[in-house]
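A.B. asks: Contents of run37.txt (compact mmCIF, C-alpha atoms) are given next:
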# COMPACT_ATOMS: atom_id res chain seq x y z
CA MET A 29 -7.50 -64.14 24.03
CA GLY A 30 -6.86 -67.20 21.84
CA VAL A 31 -5.05 -70.37 22.75
CA THR A 32 -1.30 -69.85 22.99
CA ARG A 33 0.71 -72.29 20.88
CA ILE A 34 3.37 -74.28 22.69
CA LYS A 35 6.73 -75.14 21.13
CA ILE A 36 8.98 -77.59 22.94
CA CYS A 37 12.54 -77.12 21.73
CA CYS A 38 15.80 -79.09 21.89
CA ILE A 39 14.01 -82.35 21.04
CA ALA A 40 16.69 -85.05 21.09
CA SER A 41 14.84 -88.26 20.20
CA LEU A 42 11.64 -89.65 18.77
CA SER A 43 10.48 -90.56 22.28
CA GLU A 44 10.95 -86.94 23.41
CA ALA A 45 8.97 -85.79 20.39
CA GLU A 46 6.13 -88.14 21.25
CA GLN A 47 6.20 -87.06 24.89
CA ALA A 48 6.04 -83.37 23.99
CA ILE A 49 3.16 -83.84 21.56
CA LYS A 50 1.23 -85.90 24.08
CA ALA A 51 1.62 -83.10 26.64
CA GLY A 52 0.17 -80.52 24.26
CA ALA A 53 2.96 -79.17 22.07
CA SER A 54 1.88 -77.89 18.67
CA ALA A 55 5.47 -77.42 17.50
CA LEU A 56 8.83 -79.11 18.10
CA GLY A 57 12.28 -77.53 17.81
CA LEU A 58 15.17 -79.53 16.35
CA VAL A 59 18.54 -77.87 16.89
CA SER A 60 21.25 -78.24 14.27
CA GLU A 61 24.88 -77.15 14.68
CA MET A 62 25.22 -74.00 16.80
CA PRO A 63 28.22 -72.03 18.10
CA SER A 64 26.98 -72.65 21.67
CA GLY A 65 23.99 -73.79 23.70
CA PRO A 66 22.13 -77.05 24.38
CA GLY A 67 20.15 -79.50 22.33
CA MET A 68 22.24 -79.91 19.19
CA ILE A 69 21.66 -83.14 17.28
CA GLU A 70 22.91 -84.53 13.98
CA GLU A 71 21.01 -83.63 10.81
CA SER A 72 20.32 -87.30 10.15
CA LEU A 73 18.45 -87.50 13.47
CA ILE A 74 16.58 -84.27 12.72
CA ALA A 75 15.40 -85.83 9.47
CA GLU A 76 14.40 -89.06 11.20
CA ILE A 77 12.36 -87.24 13.84
CA SER A 78 10.77 -84.74 11.44
CA ARG A 79 9.51 -87.56 9.21
CA GLN A 80 7.66 -89.06 12.20
CA ILE A 81 6.01 -85.86 13.43
CA PRO A 82 2.26 -86.07 12.72
CA PRO A 83 0.34 -83.60 10.54
CA GLY A 84 -0.77 -80.57 12.49
CA VAL A 85 2.45 -80.36 14.51
CA SER A 86 5.12 -78.01 13.18
CA SER A 87 8.72 -79.19 12.91
CA PHE A 88 11.24 -76.37 13.35
CA LEU A 89 14.81 -76.66 12.04
CA LEU A 90 16.93 -74.30 14.16
CA THR A 91 19.83 -73.13 12.03
CA SER A 92 22.77 -70.83 12.71
CA LYS A 93 23.65 -70.58 9.02
CA GLN A 94 23.58 -67.10 7.53
CA ASP A 95 23.67 -67.75 3.79
CA VAL A 96 20.55 -68.73 1.90
CA SER A 97 22.13 -71.44 -0.24
CA SER A 98 23.39 -73.37 2.81
CA ILE A 99 20.03 -73.02 4.58
CA ILE A 100 18.18 -74.36 1.54
CA GLU A 101 20.48 -77.37 1.33
CA GLN A 102 20.13 -78.00 5.06
CA GLN A 103 16.33 -77.90 5.00
CA LYS A 104 16.25 -80.35 2.11
CA ARG A 105 18.38 -82.74 4.16
CA CYS A 106 16.31 -82.31 7.32
CA HIS A 107 12.77 -82.25 5.87
CA THR A 108 11.23 -79.92 8.45
CA ASN A 109 8.22 -77.79 7.56
CA THR A 110 9.58 -74.68 9.29
CA ILE A 111 12.99 -72.96 9.37
CA GLN A 112 13.99 -70.97 12.45
CA LEU A 113 16.73 -68.52 11.54
CA CYS A 114 18.66 -67.99 14.77
CA ASP A 115 20.97 -65.37 13.27
CA VAL A 116 20.65 -62.67 10.62
CA LEU A 117 21.05 -63.40 6.92
CA VAL A 118 24.24 -62.03 5.38
CA GLU A 119 24.00 -63.68 1.94
CA GLY A 120 20.63 -63.79 0.21
CA THR A 121 17.22 -62.70 1.43
CA HIS A 122 14.10 -64.09 3.07
CA ALA A 123 12.43 -63.73 -0.35
CA ASP A 124 15.08 -66.02 -1.84
CA LEU A 125 14.26 -68.63 0.80
CA ARG A 126 10.54 -68.37 0.08
CA GLN A 127 11.08 -68.81 -3.64
CA ALA A 128 13.37 -71.82 -3.23
CA LEU A 129 11.30 -73.54 -0.51
CA PRO A 130 7.62 -73.01 -1.29
CA GLY A 131 5.36 -74.14 1.52
CA ILE A 132 8.12 -73.98 4.15
CA LYS A 133 7.47 -71.47 6.93
CA ILE A 134 10.21 -68.99 7.82
CA VAL A 135 10.61 -67.79 11.40
CA GLN A 136 13.20 -65.12 12.19
CA VAL A 137 14.70 -64.91 15.67
CA ILE A 138 15.16 -61.49 17.25
CA HIS A 139 17.43 -61.42 20.29
CA VAL A 140 15.69 -58.76 22.35
CA SER A 141 18.11 -56.09 23.55
CA GLY A 142 16.09 -52.91 23.85
CA LYS A 143 14.07 -50.53 21.70
CA LYS A 144 16.14 -51.32 18.60
CA SER A 145 14.55 -54.77 18.65
CA ILE A 146 11.16 -53.18 18.02
CA LEU A 147 12.52 -51.50 14.88
CA GLU A 148 14.08 -54.78 13.79
CA ALA A 149 10.73 -56.52 14.19
CA LYS A 150 8.93 -53.87 12.14
CA SER A 151 11.51 -54.19 9.34
CA LEU A 152 10.65 -57.90 9.01
CA GLU A 153 6.89 -57.35 8.77
CA ASN A 154 6.44 -58.54 5.18
CA GLN A 155 9.43 -60.84 4.92
CA VAL A 156 8.78 -63.79 7.23
CA ASP A 157 5.90 -65.88 8.57
CA ALA A 158 6.59 -65.28 12.27
CA LEU A 159 9.06 -63.79 14.74
CA LEU A 160 10.63 -65.54 17.72
CA LEU A 161 11.88 -63.37 20.57
CA ASP A 162 14.86 -64.83 22.42
CA SER A 163 17.59 -63.79 24.85
CA GLY A 164 20.78 -64.64 23.02
CA ASN A 165 23.78 -62.46 22.25
CA PRO A 166 24.95 -62.76 18.64
CA THR A 167 27.76 -60.25 19.26
CA ALA A 168 29.41 -62.26 22.06
CA GLU A 169 32.90 -63.65 21.41
CA THR A 170 31.23 -67.06 21.18
CA LYS A 171 27.82 -66.34 19.71
CA GLU A 172 24.79 -67.14 21.84
CA LEU A 173 21.87 -67.88 19.54
CA GLY A 174 19.46 -69.42 22.06
CA GLY A 175 19.21 -71.86 24.92
CA THR A 176 20.73 -69.41 27.38
CA GLY A 177 18.12 -69.93 30.09
CA ARG A 178 17.93 -66.14 30.47
CA THR A 179 14.80 -64.03 30.27
CA HIS A 180 14.69 -60.60 28.66
CA ASP A 181 12.48 -57.54 29.10
CA TRP A 182 8.95 -58.84 28.53
CA LEU A 183 7.59 -55.31 28.26
CA THR A 184 9.72 -54.82 25.14
CA SER A 185 8.41 -58.13 23.84
CA ARG A 186 4.85 -56.93 24.48
CA GLN A 187 5.61 -53.77 22.47
CA ILE A 188 6.82 -55.94 19.58
CA VAL A 189 3.61 -58.01 19.72
CA GLU A 190 1.61 -54.78 19.52
CA ALA A 191 3.79 -53.26 16.77
CA VAL A 192 3.57 -56.03 14.16
CA SER A 193 0.82 -58.08 12.57
CA LEU A 194 3.01 -61.19 12.45
CA PRO A 195 2.63 -64.07 14.90
CA VAL A 196 5.18 -63.61 17.69
CA ILE A 197 6.63 -66.52 19.69
CA LEU A 198 8.18 -65.77 23.07
CA ALA A 199 11.31 -67.66 24.16
CA GLY A 200 14.15 -67.10 26.60
CA GLY A 201 14.34 -68.49 30.12
CA LEU A 202 10.75 -69.71 30.28
CA ASN A 203 9.80 -72.43 32.76
CA PRO A 204 6.73 -73.70 34.64
CA LYS A 205 7.19 -71.09 37.37
CA ASN A 206 7.29 -67.97 35.17
CA ILE A 207 5.32 -68.91 32.06
CA TYR A 208 1.95 -67.82 33.48
CA GLU A 209 3.24 -64.29 34.03
CA ALA A 210 5.05 -64.27 30.68
CA VAL A 211 1.87 -65.11 28.75
CA GLN A 212 -0.17 -62.60 30.75
CA VAL A 213 2.35 -59.79 30.16
CA VAL A 214 3.41 -60.42 26.55
CA LYS A 215 0.27 -62.06 25.12
CA PRO A 216 2.28 -63.84 22.40
CA PHE A 217 0.97 -66.06 19.64
CA GLY A 218 3.14 -68.86 21.01
CA VAL A 219 5.77 -69.74 23.60
CA ASP A 220 8.99 -71.71 23.25
CA VAL A 221 10.85 -73.63 25.96
CA CYS A 222 14.03 -75.71 26.08
CA SER A 223 15.95 -75.94 29.37
CA GLY A 224 12.92 -74.98 31.45
CA THR A 225 11.30 -78.37 30.89
CA ARG A 226 14.44 -80.47 31.29
CA THR A 227 16.18 -82.21 34.16
CA GLU A 228 19.85 -83.12 33.72
CA GLY A 229 19.45 -82.53 30.00
CA SER A 230 16.49 -84.85 29.43
CA LEU A 231 12.90 -83.83 28.82
CA ASP A 232 11.07 -84.02 32.15
CA GLU A 233 7.51 -85.29 31.78
CA LEU A 234 6.28 -83.54 34.92
CA LYS A 235 7.84 -80.19 33.98
CA VAL A 236 6.37 -80.39 30.47
CA LYS A 237 2.91 -81.08 31.85
CA GLN A 238 3.25 -78.26 34.39
CA PHE A 239 4.47 -75.86 31.70
CA CYS A 240 1.56 -76.67 29.38
CA ALA A 241 -0.94 -76.43 32.23
CA GLU A 242 0.34 -72.99 33.24
CA VAL A 243 0.08 -71.76 29.63
CA ARG A 244 -3.54 -72.89 29.48
CA ALA A 245 -4.28 -71.31 32.85
CA ALA A 246 -2.87 -68.01 31.59
CA ASP A 247 -4.97 -68.26 28.44
CA PHE A 248 -8.24 -68.50 30.31
CA ASN A 249 -7.65 -66.18 33.29
Could you express the structure from this file as structure tokens?
C.D. replies:
Amino acid sequence: MGVTRIKICCIASLSEAEQAIKAGASALGLVSEMPSGPGMIEESLIAEISRQIPPGVSSFLLTSKQDVSSIIEQQKRCHTNTIQLCDVLVEGTHADLRQALPGIKIVQVIHVSGKKSILEAKSLENQVDALLLDSGNPTAETKELGGTGRTHDWLTSRQIVEAVSLPVILAGGLNPKNIYEAVQVVKPFGVDVCSGTRTEGSLDELKVKQFCAEVRAADFN
């Protein structure tokens, strides 16, 4: 088994970015406007942080936008090297995004809700660079597009990993206490954490270190 990539999400400042990278993160999540959930920051701050992230560390723009033209404009303001689509596209296609933003990685979120999520993953096989499996509820009265702190069925996530050739990132309710089991069960390309490494909303250095250590322990056991 290879080394699982670690994405620390909901980064709120340059100091948090530096702290996460120092602990072992290979990707940082920067949350733009969402209908609900934690970690949202202004686009100007996303741009400021993304410009300071060193080469070799991916900068993810989390967007709730569903039309390609708005997503393109947002990425050009924020200057991240990866776009995380937290909802489905309703205007335009993933191919349109690729054409307009060459060199920018596209990651589509799937909110795992049963066997239909496996079919959804397969349908995206040749359209995006990676999938991210989360525990939101896009059909709720107030959409939940991430940051819920809830886990989902990891066995379904494992089936998705086995069904597609794309890199798959596991998110949803992960923390230092359950990440070892999550990596062992799902065997994802990467893992993604927000609230599980925070205390009273701020990135917790000890929790980040524990989280990263448990991921590495799972990799080599």
A.B. asks: If I take atom CA of A:Lys144 and atom CA of A:Ile36, how far is one from the other in Å, to one decimal?
C.D. replies: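 It comes out at 27.6 Å.
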A.B. asks: Have a look at atom CA of A:Ala191 and atom CA of A:Thr32 and let me know their distance in Å, one decimal.
C.D. replies: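 The value is 18.4 Å.
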A.B. asks: Compile the contact shell of stretch 233-244 of chain A as a VMD selection string: residues with an atom at most 9 Å away, counting all atoms listed in the file, same-chain residues fewer than 5 positions apart removed.
C.D. replies: chain A and resid 31 to 34 36 47 to 48 51 to 53 202 to 208 211 219 221 224 to 227 249
A.B. asks: Would you please work out which residue, of A:Gly175, A:Pro66, A:Pro195, A:Gly229, is nearest to A:Ala149 when using only C-alpha atoms?
C.D. replies: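 Closest to A:Ala149, using only C-alpha atoms: A:Pro195.
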A.B. asks: I'd like the interatomic distance between atom CA of A:Leu147 and atom CA of A:Arg186, to a tenth of an Å.
C.D. replies: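 For atom CA of A:Leu147 relative to atom CA of A:Arg186, the distance reads 13.4 Å.
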A.B. asks: Pick out the closest residue to A:Gly142 from this set: A:Val116, A:Leu159, A:Leu183, A:Ala55. Count all atoms listed in the file.
C.D. replies: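 The shortest atom-to-atom distance to A:Gly142 comes from A:Leu183.
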A.B. asks: Which residues come within 12 Å of A:Glu76, counting all atoms listed in the file, excluding same-chain residues fewer than 4 positions away, as an MDAnalysis selection string?
C.D. replies: chainID A and resid 39:43 45 58 69:72 80:81 87 105:108
A.B. asks: Could you add N, CA and C atoms to stretch 74-93 of chain A and give me the result as a JSON list (two decimals), in the coordinates of the input?
C.D. replies:
[["chain", "number", "residue", "atom", "x", "y", "z"],
["A", 74, "ILE", "N", 17.63, -85.25, 12.98],
["A", 74, "ILE", "CA", 16.58, -84.27, 12.72],
["A", 74, "ILE", "C", 15.64, -84.78, 11.64],
["A", 75, "ALA", "N", 16.22, -85.30, 10.57],
["A", 75, "ALA", "CA", 15.40, -85.83, 9.47],
["A", 75, "ALA", "C", 14.55, -87.00, 9.93],
["A", 76, "GLU", "N", 15.14, -87.89, 10.71],
["A", 76, "GLU", "CA", 14.40, -89.06, 11.20],
["A", 76, "GLU", "C", 13.21, -88.64, 12.05],
["A", 77, "ILE", "N", 13.44, -87.69, 12.96],
["A", 77, "ILE", "CA", 12.36, -87.24, 13.84],
["A", 77, "ILE", "C", 11.30, -86.48, 13.05],
["A", 78, "SER", "N", 11.73, -85.58, 12.17],
["A", 78, "SER", "CA", 10.77, -84.74, 11.44],
["A", 78, "SER", "C", 9.84, -85.58, 10.56],
["A", 79, "ARG", "N", 10.36, -86.69, 10.04],
["A", 79, "ARG", "CA", 9.51, -87.56, 9.21],
["A", 79, "ARG", "C", 8.41, -88.23, 10.04],
["A", 80, "GLN", "N", 8.61, -88.36, 11.34],
["A", 80, "GLN", "CA", 7.66, -89.06, 12.20],
["A", 80, "GLN", "C", 6.67, -88.11, 12.89],
["A", 81, "ILE", "N", 6.90, -86.82, 12.78],
["A", 81, "ILE", "CA", 6.01, -85.86, 13.43],
["A", 81, "ILE", "C", 4.68, -85.82, 12.69],
["A", 82, "PRO", "N", 3.57, -85.97, 13.39],
["A", 82, "PRO", "CA", 2.26, -86.07, 12.72],
["A", 82, "PRO", "C", 1.81, -84.76, 12.10],
["A", 83, "PRO", "N", 0.91, -84.82, 11.12],
["A", 83, "PRO", "CA", 0.34, -83.60, 10.54],
["A", 83, "PRO", "C", -0.31, -82.76, 11.64],
["A", 84, "GLY", "N", -0.20, -81.46, 11.49],
["A", 84, "GLY", "CA", -0.77, -80.57, 12.49],
["A", 84, "GLY", "C", 0.22, -80.11, 13.53],
["A", 85, "VAL", "N", 1.38, -80.77, 13.59],
["A", 85, "VAL", "CA", 2.45, -80.36, 14.51],
["A", 85, "VAL", "C", 3.62, -79.83, 13.67],
["A", 86, "SER", "N", 4.04, -78.62, 13.96],
["A", 86, "SER", "CA", 5.12, -78.01, 13.18],
["A", 86, "SER", "C", 6.48, -78.54, 13.61],
["A", 87, "SER", "N", 7.34, -78.77, 12.64],
["A", 87, "SER", "CA", 8.72, -79.19, 12.91],
["A", 87, "SER", "C", 9.66, -78.04, 12.54],
["A", 88, "PHE", "N", 10.36, -77.52, 13.53],
["A", 88, "PHE", "CA", 11.24, -76.37, 13.35],
["A", 88, "PHE", "C", 12.69, -76.84, 13.24],
["A", 89, "LEU", "N", 13.37, -76.48, 12.16],
["A", 89, "LEU", "CA", 14.81, -76.66, 12.04],
["A", 89, "LEU", "C", 15.47, -75.38, 12.54],
["A", 90, "LEU", "N", 16.19, -75.45, 13.66],
["A", 90, "LEU", "CA", 16.93, -74.30, 14.16],
["A", 90, "LEU", "C", 18.29, -74.29, 13.49],
["A", 91, "THR", "N", 18.57, -73.21, 12.75],
["A", 91, "THR", "CA", 19.83, -73.13, 12.03],
["A", 91, "THR", "C", 20.58, -71.87, 12.40],
["A", 92, "SER", "N", 21.91, -71.98, 12.47],
["A", 92, "SER", "CA", 22.77, -70.83, 12.71],
["A", 92, "SER", "C", 23.37, -70.31, 11.41],
["A", 93, "LYS", "N", 23.07, -70.97, 10.31],
["A", 93, "LYS", "CA", 23.65, -70.58, 9.02],
["A", 93, "LYS", "C", 23.12, -69.21, 8.60]]
